[in-house]
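Data file: my_file.txt. Format and content: compact mmCIF, C-alpha atoms.
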# COMPACT_ATOMS: atom_id res chain seq x y z
CA MET H 1 109.42 82.91 -17.10
CA LEU H 2 110.47 79.75 -18.91
CA ASP H 3 111.72 79.96 -22.45
CA GLU H 4 110.50 77.58 -25.16
CA LYS H 5 113.41 75.15 -24.71
CA GLU H 6 112.78 74.86 -20.95
CA VAL H 7 109.07 74.24 -21.56
CA ARG H 8 109.87 71.44 -24.02
CA GLU H 9 112.30 69.87 -21.51
CA LEU H 10 109.64 69.95 -18.79
CA ASN H 11 107.11 68.45 -21.18
CA MET H 12 109.51 65.59 -21.87
CA THR H 13 110.31 65.12 -18.16
CA PHE H 14 106.64 64.91 -17.19
CA GLU H 15 105.72 63.07 -20.40
CA PHE H 16 103.34 65.77 -21.58
CA LYS H 17 102.51 65.74 -25.25
CA ASP H 18 104.28 68.53 -27.10
CA THR H 19 101.46 70.48 -28.71
CA GLY H 20 103.77 72.11 -31.22
CA LEU H 21 102.70 75.57 -30.07
CA SER H 22 105.58 77.93 -29.95
CA LEU H 23 106.00 81.62 -29.45
CA PRO H 24 107.50 83.65 -32.26
CA ASP H 25 111.14 84.57 -31.72
CA ASP H 26 110.20 88.22 -31.41
CA TYR H 27 107.33 87.62 -28.93
CA TRP H 28 108.85 89.74 -26.16
CA THR H 29 109.99 92.46 -28.52
CA LEU H 30 106.63 92.98 -30.17
CA ASP H 31 104.91 96.24 -29.34
CA TYR H 32 102.72 95.70 -26.30
CA GLN H 33 99.92 97.80 -24.88
CA CYS H 34 98.77 97.26 -21.32
CA PRO H 35 95.02 96.50 -21.31
CA LEU H 36 94.53 98.99 -18.47
CA CYS H 37 96.23 101.98 -20.04
CA PRO H 38 96.00 101.72 -23.83
CA GLY H 39 97.18 104.55 -25.99
CA HIS H 40 100.91 103.99 -25.74
CA ILE H 41 103.41 101.19 -26.25
CA ASP H 42 105.02 99.77 -23.10
CA ASP H 43 108.70 98.90 -22.83
CA GLU H 44 109.27 95.16 -22.46
CA GLU H 45 111.20 95.82 -19.21
CA ASP H 46 108.11 97.47 -17.73
CA ILE H 47 105.73 94.56 -18.34
CA GLU H 48 104.80 92.03 -15.66
CA TRP H 49 102.24 89.31 -15.09
CA SER H 50 99.05 90.20 -13.20
CA LYS H 51 97.43 87.29 -11.39
CA LEU H 52 94.36 89.46 -10.92
CA LEU H 53 93.83 89.92 -14.66
CA ASP H 54 95.62 86.77 -15.77
CA ASP H 55 97.39 88.93 -18.32
CA LEU H 56 100.44 91.10 -18.85
CA ILE H 57 100.22 94.67 -17.56
CA CYS H 58 102.67 97.54 -17.26
CA ARG H 59 104.51 98.13 -14.00
CA GLY H 60 102.77 101.49 -13.50
CA CYS H 61 99.35 99.81 -13.55
CA SER H 62 100.58 97.17 -11.10
CA TYR H 63 101.33 100.00 -8.65
CA ASP H 64 97.94 101.56 -9.36
CA ILE H 65 96.27 98.22 -8.63
CA HIS H 66 98.15 97.76 -5.37
CA ASN H 67 97.42 101.29 -4.19
CA GLY H 68 93.79 100.98 -5.30
CA PHE H 69 93.07 97.87 -3.23
CA VAL H 70 95.31 97.82 -0.16
CA GLY H 71 93.85 99.77 2.74
CA TRP H 72 90.54 100.68 1.11
CA ASP H 73 87.31 99.38 2.67
CA ASP H 74 85.30 100.46 -0.36
CA LYS H 75 86.22 101.28 -3.94
CA PRO H 76 87.97 104.65 -3.99
CA THR H 77 86.56 107.44 -6.10
CA LEU H 78 88.64 109.69 -8.36
CA ASP H 79 88.44 112.35 -5.64
CA GLN H 80 90.02 109.92 -3.17
CA TYR H 81 92.53 108.22 -5.46
CA ASN H 82 93.79 109.66 -8.74
CA HIS H 83 94.05 106.20 -10.38
CA ALA H 84 90.60 104.95 -9.37
CA ASP H 85 89.81 104.65 -13.07
CA THR H 86 92.25 101.71 -13.22
CA ILE H 87 90.07 99.85 -10.72
CA ASP H 88 87.00 100.71 -12.81
CA ARG H 89 88.66 99.22 -15.91
CA ILE H 90 89.56 96.04 -14.02
CA GLU H 91 85.92 95.66 -12.96
CA GLN H 92 84.84 96.10 -16.58
CA ILE H 93 87.40 93.62 -17.93
CA THR H 94 86.77 90.91 -15.32
CA GLY H 95 83.08 91.42 -14.56
CA LEU H 96 83.91 91.18 -10.85
CA THR H 97 83.03 93.67 -8.13
CA PHE H 98 85.58 95.71 -6.19
CA GLN H 99 85.15 93.48 -3.13
CA GLN H 100 85.62 90.28 -5.17
CA LEU H 101 88.72 91.69 -6.85
CA LYS H 102 90.15 92.94 -3.58
CA PHE H 103 89.60 89.56 -1.90
CA LYS H 104 91.48 87.82 -4.69
CA TYR H 105 94.24 90.45 -4.76
CA MET H 106 94.74 90.43 -0.99
CA GLN H 107 94.92 86.64 -0.85
CA ASP H 108 97.60 86.68 -3.56
CA LYS H 109 99.57 89.43 -1.76
CA ILE H 110 99.40 87.64 1.60
CA LEU H 111 100.53 84.42 -0.05
CA GLU H 112 103.38 86.27 -1.77
CA TRP H 113 104.55 88.03 1.41
CA GLY H 114 103.80 85.40 4.03
CA GLY H 115 103.69 82.10 2.23
CA THR H 116 100.25 81.12 3.51
CA ILE H 117 96.72 82.49 3.58
CA PRO H 118 95.00 82.63 6.99
CA GLU H 119 93.07 79.40 7.47
CA ALA H 120 89.70 81.16 7.76
CA TYR H 121 90.14 82.53 4.23
CA ARG H 122 91.45 79.47 2.39
CA ASP H 123 89.39 77.68 -0.23
CA ILE H 124 86.59 80.24 -0.20
CA ALA H 125 84.48 80.55 -3.34
CA PHE H 126 84.50 84.34 -3.13
CA MET H 127 82.32 84.78 -6.18
CA ASP H 128 79.42 83.18 -4.29
CA MET H 129 79.79 85.46 -1.28
CA PRO H 130 77.89 88.74 -0.96
CA ASP H 131 79.96 91.93 -1.10
CA SER H 132 78.92 92.77 2.47
CA TRP H 133 80.62 89.60 3.71
CA LEU H 134 83.63 90.13 1.47
CA ARG H 135 83.99 93.71 2.74
CA VAL H 136 84.40 92.45 6.31
CA SER H 137 86.79 89.70 5.16
CA ASN H 138 88.80 92.22 3.14
CA MET H 139 89.27 94.41 6.22
CA GLN H 140 90.76 91.40 8.02
CA LEU H 141 92.95 90.54 5.02
CA ASP H 142 94.19 94.16 5.00
CA ARG H 143 95.18 93.79 8.67
CA GLU H 144 96.95 90.49 7.94
CA PHE H 145 98.84 92.05 5.04
CA PHE H 146 99.90 95.08 7.09
CA LYS H 147 101.21 92.71 9.79
CA LEU H 148 103.34 90.98 7.17
CA VAL H 149 104.67 94.31 5.94
CA GLU H 150 105.57 95.34 9.49
CA ASP H 151 107.21 91.97 10.19
CA ASN H 152 109.22 92.34 6.99
CA ARG H 153 110.39 95.82 8.01
CA GLY H 154 111.52 94.46 11.38
CA GLU H 155 113.68 91.82 9.70
CA LYS H 156 115.76 94.39 7.82

So, in terms of structure tokens, how does the structure I just supplied come out?
Amino acid sequence: MLDEKEVRELNMTFEFKDTGLSLPDDYWTLDYQCPLCPGHIDDEEDIEWSKLLDDLICRGCSYDIHNGFVGWDDKPTLDQYNHADTIDRIEQITGLTFQQLKFKYMQDKILEWGGTIPEAYRDIAFMDMPDSWLRVSNMQLDREFFKLVEDNRGEK
């Protein structure tokens, strides 16, 4: 993440107007609570950015998100996955369905691991697609992601 000085330098380079907004010096040392697991303060080392929520979350919840989307055709229940409540909270926060969230998450993961999203799934307005269509697409995205994981294991 860029610090304030680096942001100002980029603003000057690209001739963006400096809005004068700045983060307090203690921004990253302030007590932070993950929006998915409130009730305790998270260590600043355990906080990371979630593209899915467009917010900071704790590392534990990032694992819960990954394990709650990858490999599941339908939203897991608490009987199937002990952190299924995390997925429920994400649905409540975003207003999106499991299939919509999974589609977005899987695209981001495939992009992260492989550098490109399969052509058939680029530039899709997933919020306009029915969950039945997204479910089928998500199964394909799961397969694409698992291929990337296997390819990555073979490189080591």

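In this comparison, which uses all atoms listed in the file, the residue of H:Gln107, H:Pro38, H:Glu48, H:Arg135 approaching Lys75 of chain H most closely is H:Arg135.
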
Item to complete: Take atom CA of Asp64 of chain H and atom CA of Ile87 of chain H and report the distance between them in Å, one decimal.
Response: 8.2 Å

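The two atoms in question, atom CA of Ile65 of chain H and atom CA of Leu96 of chain H, are spaced 14.4 Å apart.
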
Worksheet item: What gap, in Å, lies between atom CA of Ile57 of chain H and atom CA of Phe69 of chain H?
Response: 16.3 Å

Item to complete: Select, from H:Tyr105, H:Gln99, H:Asp88, H:Asn82, the residue with the minimum atom-to-atom distance to Ile117 of chain H, counting all atoms listed in the file.
Response: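 Using all atoms listed in the file, Ile117 of chain H sits closest to H:Tyr105.
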
Fill in: Shell around Trp113 of chain H at 9 Å using only C-alpha atoms, local window under 2 positions removed, as a PyMOL selection string
chain H and resi 108-111+115-116+145+148-149+152

Worksheet item: Excluding same-chain residues fewer than 3 positions from Cys58 of chain H, what lies within 10 Å of it counting only C-alpha atoms, as JSON, numbers by chain?
Response: {"H": [32, 33, 34, 35, 36, 37, 41, 42, 43, 44, 45, 46, 47, 48, 49, 50, 61, 62, 63]}

Fill in: Minimum-distance residue to Met129 of chain H, chosen among H:Asp31, H:Gln92, H:Gly60, H:Gln100 (using all atoms listed in the file)
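That would be H:Gln100, the residue with the smallest distance to Met129 of chain H.
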
Practice prompt. Do a neighbour search on Asp74 of chain H at 12 Å with only C-alpha atoms, toss out local chain neighbours closer than 4 positions, and write the hits as a ChimeraX atom specification.
Written response: /H:68-70,80-81,84,87,97-103,131-132,134-136,138-139

Write the residues you've just listed into a file as an mmCIF file, in the frame of the given file, and include C-alpha atoms for each of them.
data_model
loop_
_atom_site.group_PDB
_atom_site.id
_atom_site.type_symbol
_atom_site.label_atom_id
_atom_site.label_comp_id
_atom_site.auth_asym_id
_atom_site.auth_seq_id
_atom_site.Cartn_x
_atom_site.Cartn_y
_atom_site.Cartn_z
ATOM 1 C CA GLY H 68 93.790 100.980 -5.300
ATOM 2 C CA PHE H 69 93.070 97.870 -3.230
ATOM 3 C CA VAL H 70 95.310 97.820 -0.160
ATOM 4 C CA GLN H 80 90.020 109.920 -3.170
ATOM 5 C CA TYR H 81 92.530 108.220 -5.460
ATOM 6 C CA ALA H 84 90.600 104.950 -9.370
ATOM 7 C CA ILE H 87 90.070 99.850 -10.720
ATOM 8 C CA THR H 97 83.030 93.670 -8.130
ATOM 9 C CA PHE H 98 85.580 95.710 -6.190
ATOM 10 C CA GLN H 99 85.150 93.480 -3.130
ATOM 11 C CA GLN H 100 85.620 90.280 -5.170
ATOM 12 C CA LEU H 101 88.720 91.690 -6.850
ATOM 13 C CA LYS H 102 90.150 92.940 -3.580
ATOM 14 C CA PHE H 103 89.600 89.560 -1.900
ATOM 15 C CA ASP H 131 79.960 91.930 -1.100
ATOM 16 C CA SER H 132 78.920 92.770 2.470
ATOM 17 C CA LEU H 134 83.630 90.130 1.470
ATOM 18 C CA ARG H 135 83.990 93.710 2.740
ATOM 19 C CA VAL H 136 84.400 92.450 6.310
ATOM 20 C CA ASN H 138 88.800 92.220 3.140
ATOM 21 C CA MET H 139 89.270 94.410 6.220
#

Item to complete: Measuring atom to atom with only C-alpha atoms, identify which of H:His66, H:Glu150, H:Ala125, H:Arg143 is nearest to Thr86 of chain H.
Response: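 Checking each of H:His66, H:Glu150, H:Ala125, H:Arg143 against Thr86 of chain H, counting only C-alpha atoms, the winner is H:His66.
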
Practice prompt. Between H:Asp73, H:Asp79, H:Asp85, H:Glu91, single out the one closest to Gln140 of chain H, counting only C-alpha atoms.
Written response: H:Asp73
